[in-house]
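Visitor: Pasting in a structure now, in structure tokens, and then I'll have a few things to ask.
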Amino acid sequence: NALVPRLYGIAFEPVDTIESSVRILDDRALTHGPALPMSGIRPNGEQGVLWTNVYLRDLNIPDTMMFLCQYSWDVEERRELLRAELRSRSEKTLGLLGVKEIVIGVTEFEQARRQWARHLHPIQPSADGVWPIGRGPAIRLVRDGKDRIRAVVLRVSSLPQAKRFLARKGLLGASTPDKVSLAGAIVGELDIQLIE
């Protein structure tokens, strides 16, 4: 059997600290795992704690982890370095700018909407089942025949450039003037969409 890529999990950054986020989860009676630090070589070359994860047990999607993740270094500085690297390569590549939205299919929409609302409070949904989360991707719930991560919507600098790049690589799927999808056989059931 050929290996099919899949989205393994969704990491949420704590608003303040991992400890304060755990207190909020406890106050809301939301089940979670313990704080799990992961050690290794940090970006500055020193040995130490890389990040600390807390797994969220109430957001159930089969074979997918949902967790809080607090890195042990200046995340925004590192993100800016990575953004600059993406921009420097954008003319020769897909022109990826970031993740706009994660679309989650759910079988019990109202129950899932309530559970996500409890986790994401005080963020209010901008539409039924859509939560814009800070500068990160939005979470969108949609009715589906099974619980799964259904799609990832990525922003690109130029849709025509992205189409040409994907066509050259044999990865171009369905497209409209406003959106392009990666070829389905490449990503299995996960729909990866590109928009400007």
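Residue numbers start at 1 in each chain; chains themselves are named A, B, ... in the order of the structure tokens; ligands are numbered from 1 in the order shown.
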Range 41-183 of chain A: which residues are strand (DSSP E or B) by DSSP, as an MDAnalysis selection string?

Guide: chainID A and resid 41 47:56 65:71 96:106 127 130:131 138:143 148:156 172:175 180:182

Visitor: What lies within 6 Å of Leu171 in chain A using only C-alpha atoms, ignoring chain neighbours under 4 positions off, as a list in words?

Guide: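 The contact residues come out as Leu166, Ala167, Leu182 and Ala183 of chain A.
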
Visitor: Limited to C-alpha atoms, could you put the picked residues into a file as a PDB file, in the first residue's frame?

Guide:
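Final output, result.pdb:
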```
ATOM      1  CA  LEU A 166       0.930  22.637  -9.431  1.00  0.00           C
ATOM      2  CA  ALA A 167       0.435  21.775 -13.123  1.00  0.00           C
ATOM      3  CA  LEU A 182      -4.549  19.742  -5.082  1.00  0.00           C
ATOM      4  CA  ALA A 183      -5.050  16.509  -7.015  1.00  0.00           C
TER       5      ALA A 183
END
```

Visitor: Hey, which bits of range 94-174 of chain A sit within 12 Å of range 24-37 of chain A, and for each residue what's the closest pair of atoms and how far apart in Å (one decimal), counting only C-alpha atoms, rows by chain and increasing number, as JSON lines?

Guide:
```
{"residue": "A:Gln115", "atom": "CA", "partner": "A:Leu30", "partner_atom": "CA", "distance": 9.2}
{"residue": "A:Trp116", "atom": "CA", "partner": "A:Leu30", "partner_atom": "CA", "distance": 10.7}
{"residue": "A:Ala117", "atom": "CA", "partner": "A:Arg28", "partner_atom": "CA", "distance": 11.2}
{"residue": "A:Arg118", "atom": "CA", "partner": "A:Arg28", "partner_atom": "CA", "distance": 7.4}
{"residue": "A:His119", "atom": "CA", "partner": "A:Leu25", "partner_atom": "CA", "distance": 7.6}
{"residue": "A:Leu120", "atom": "CA", "partner": "A:Leu25", "partner_atom": "CA", "distance": 10.3}
{"residue": "A:His121", "atom": "CA", "partner": "A:Arg28", "partner_atom": "CA", "distance": 10.1}
{"residue": "A:Pro122", "atom": "CA", "partner": "A:Ile24", "partner_atom": "CA", "distance": 11.4}
```

Visitor: Dump C-alpha atoms for the selected residues as a PDB file, in the first residue's frame?

Guide:
```pdb
ATOM      1  CA  GLN A 115     -18.046  21.663  22.442  1.00  0.00           C
ATOM      2  CA  TRP A 116     -15.852  23.888  20.249  1.00  0.00           C
ATOM      3  CA  ALA A 117     -17.594  26.975  21.656  1.00  0.00           C
ATOM      4  CA  ARG A 118     -16.696  25.849  25.203  1.00  0.00           C
ATOM      5  CA  HIS A 119     -13.044  25.453  24.224  1.00  0.00           C
ATOM      6  CA  LEU A 120     -12.742  28.646  22.175  1.00  0.00           C
ATOM      7  CA  HIS A 121     -14.721  31.016  24.437  1.00  0.00           C
ATOM      8  CA  PRO A 122     -14.559  34.052  24.509  1.00  0.00           C
TER       9      PRO A 122
END
```

Visitor: Pick out each residue of range 85-122 of chain A that DSSP on the backbone tags as helix (DSSP H, G or I); I need them as number ranges by chain.

Guide: A: 85-92, 109-120

Visitor: Those same residues, written as an mmCIF file, in the first residue's frame with N, CA, C and O atoms?

Guide:
```
data_model
loop_
_atom_site.group_PDB
_atom_site.id
_atom_site.type_symbol
_atom_site.label_atom_id
_atom_site.label_comp_id
_atom_site.auth_asym_id
_atom_site.auth_seq_id
_atom_site.Cartn_x
_atom_site.Cartn_y
_atom_site.Cartn_z
ATOM 1 N N GLU A 85 11.608 33.730 4.688
ATOM 2 C CA GLU A 85 12.121 32.662 3.821
ATOM 3 C C GLU A 85 11.095 32.285 2.759
ATOM 4 O O GLU A 85 11.429 32.101 1.591
ATOM 5 N N LEU A 86 9.818 32.172 3.157
ATOM 6 C CA LEU A 86 8.760 31.870 2.186
ATOM 7 C C LEU A 86 8.673 32.966 1.121
ATOM 8 O O LEU A 86 8.560 32.674 -0.075
ATOM 9 N N ARG A 87 8.724 34.239 1.562
ATOM 10 C CA ARG A 87 8.629 35.349 0.599
ATOM 11 C C ARG A 87 9.796 35.319 -0.382
ATOM 12 O O ARG A 87 9.623 35.588 -1.563
ATOM 13 N N SER A 88 10.986 34.980 0.099
ATOM 14 C CA SER A 88 12.165 34.981 -0.776
ATOM 15 C C SER A 88 12.078 33.900 -1.848
ATOM 16 O O SER A 88 12.696 34.020 -2.901
ATOM 17 N N ARG A 89 11.324 32.867 -1.598
ATOM 18 C CA ARG A 89 11.192 31.772 -2.563
ATOM 19 C C ARG A 89 9.904 31.835 -3.369
ATOM 20 O O ARG A 89 9.680 31.002 -4.234
ATOM 21 N N SER A 90 9.038 32.800 -3.087
ATOM 22 C CA SER A 90 7.670 32.760 -3.604
ATOM 23 C C SER A 90 7.576 32.761 -5.121
ATOM 24 O O SER A 90 6.676 32.159 -5.688
ATOM 25 N N GLU A 91 8.506 33.430 -5.829
ATOM 26 C CA GLU A 91 8.400 33.491 -7.288
ATOM 27 C C GLU A 91 8.668 32.146 -7.945
ATOM 28 O O GLU A 91 8.206 31.903 -9.052
ATOM 29 N N LYS A 92 9.397 31.280 -7.289
ATOM 30 C CA LYS A 92 9.763 29.995 -7.890
ATOM 31 C C LYS A 92 8.908 28.843 -7.361
ATOM 32 O O LYS A 92 9.097 27.705 -7.768
ATOM 33 N N PHE A 109 -23.505 18.001 14.356
ATOM 34 C CA PHE A 109 -23.087 19.395 14.223
ATOM 35 C C PHE A 109 -23.343 20.210 15.486
ATOM 36 O O PHE A 109 -22.441 20.892 15.975
ATOM 37 N N GLU A 110 -24.546 20.179 16.019
ATOM 38 C CA GLU A 110 -24.875 21.024 17.176
ATOM 39 C C GLU A 110 -24.041 20.662 18.396
ATOM 40 O O GLU A 110 -23.552 21.530 19.117
ATOM 41 N N GLN A 111 -23.866 19.370 18.620
ATOM 42 C CA GLN A 111 -23.041 18.921 19.752
ATOM 43 C C GLN A 111 -21.597 19.377 19.576
ATOM 44 O O GLN A 111 -20.968 19.888 20.509
ATOM 45 N N ALA A 112 -21.064 19.215 18.366
ATOM 46 C CA ALA A 112 -19.680 19.629 18.091
ATOM 47 C C ALA A 112 -19.549 21.142 18.222
ATOM 48 O O ALA A 112 -18.570 21.645 18.779
ATOM 49 N N ARG A 113 -20.533 21.890 17.724
ATOM 50 C CA ARG A 113 -20.482 23.351 17.816
ATOM 51 C C ARG A 113 -20.445 23.809 19.270
ATOM 52 O O ARG A 113 -19.673 24.691 19.634
ATOM 53 N N ARG A 114 -21.246 23.172 20.122
ATOM 54 C CA ARG A 114 -21.240 23.527 21.548
ATOM 55 C C ARG A 114 -19.883 23.207 22.187
ATOM 56 O O ARG A 114 -19.358 23.996 22.978
ATOM 57 N N GLN A 115 -19.330 22.058 21.850
ATOM 58 C CA GLN A 115 -18.046 21.663 22.442
ATOM 59 C C GLN A 115 -16.918 22.607 22.009
ATOM 60 O O GLN A 115 -16.098 23.031 22.819
ATOM 61 N N TRP A 116 -16.866 22.952 20.721
ATOM 62 C CA TRP A 116 -15.852 23.888 20.249
ATOM 63 C C TRP A 116 -16.050 25.257 20.878
ATOM 64 O O TRP A 116 -15.084 25.936 21.231
ATOM 65 N N ALA A 117 -17.310 25.679 21.034
ATOM 66 C CA ALA A 117 -17.594 26.975 21.656
ATOM 67 C C ALA A 117 -17.074 27.010 23.093
ATOM 68 O O ALA A 117 -16.536 28.034 23.540
ATOM 69 N N ARG A 118 -17.211 25.914 23.832
ATOM 70 C CA ARG A 118 -16.696 25.849 25.203
ATOM 71 C C ARG A 118 -15.182 25.981 25.231
ATOM 72 O O ARG A 118 -14.618 26.612 26.129
ATOM 73 N N HIS A 119 -14.505 25.374 24.278
ATOM 74 C CA HIS A 119 -13.044 25.453 24.224
ATOM 75 C C HIS A 119 -12.555 26.825 23.767
ATOM 76 O O HIS A 119 -11.535 27.320 24.249
ATOM 77 N N LEU A 120 -13.240 27.427 22.805
ATOM 78 C CA LEU A 120 -12.742 28.646 22.175
ATOM 79 C C LEU A 120 -13.279 29.933 22.803
ATOM 80 O O LEU A 120 -12.849 31.020 22.416
#
```

Visitor: Range 75-79 of chain A: which residues within 12 Å, counting only C-alpha atoms, same-chain residues fewer than 3 positions away excluded, as a list in words?

Guide: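 So, after excluding close chain neighbours, the residues are Glu13, Pro14, Arg42, Pro43, Asn44, Leu50, Trp51, Cys69, Gln70, Tyr71, Ser72, Leu82, Arg83, Ala84, Glu85, Leu86, Leu97, Gly98, Arg135 and Gly136 of chain A.
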
Visitor: Taking only C-alpha atoms into account, name the residue in A:Ser158, A:Ser21, A:Asn60, A:Gln193 that is nearest to Ser175 in chain A.

Guide: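 Under the stated criterion, the closest residue is A:Gln193.
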
Visitor: Glu101 in chain A: which residues within 7 Å, counting only C-alpha atoms, same-chain residues fewer than 2 positions away excluded, as an MDAnalysis selection string?

Guide: chainID A and resid 99 103 137:140 152:153

Visitor: Those residues with C-alpha atoms, as a compact mmCIF listing (two decimals), in the first residue's frame please?

Guide:
```txt
# COMPACT_ATOMS: atom_id res chain seq x y z
CA VAL A 99 -3.18 28.71 6.41
CA VAL A 103 -12.53 22.72 7.81
CA PRO A 137 -6.36 29.94 10.70
CA ALA A 138 -10.08 29.94 11.36
CA ILE A 139 -11.85 26.75 12.42
CA ARG A 140 -14.96 25.91 10.35
CA VAL A 152 -7.27 22.88 4.72
CA VAL A 153 -7.53 26.24 2.95
```

Visitor: So, with only C-alpha atoms as the atoms that count, which of A:Val15, A:Asp191, A:Tyr8, A:Ile61 lies closest to Ala174 in chain A?

Guide: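 Using only C-alpha atoms, the shortest distance to Ala174 in chain A belongs to A:Asp191.
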
Visitor: Give me, please, the distance in Å between CA of Ile133 in chain A and CA of Ile10 in chain A, quoted to one decimal.

Guide: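 Between CA of Ile133 in chain A and CA of Ile10 in chain A the gap is 12.8 Å.
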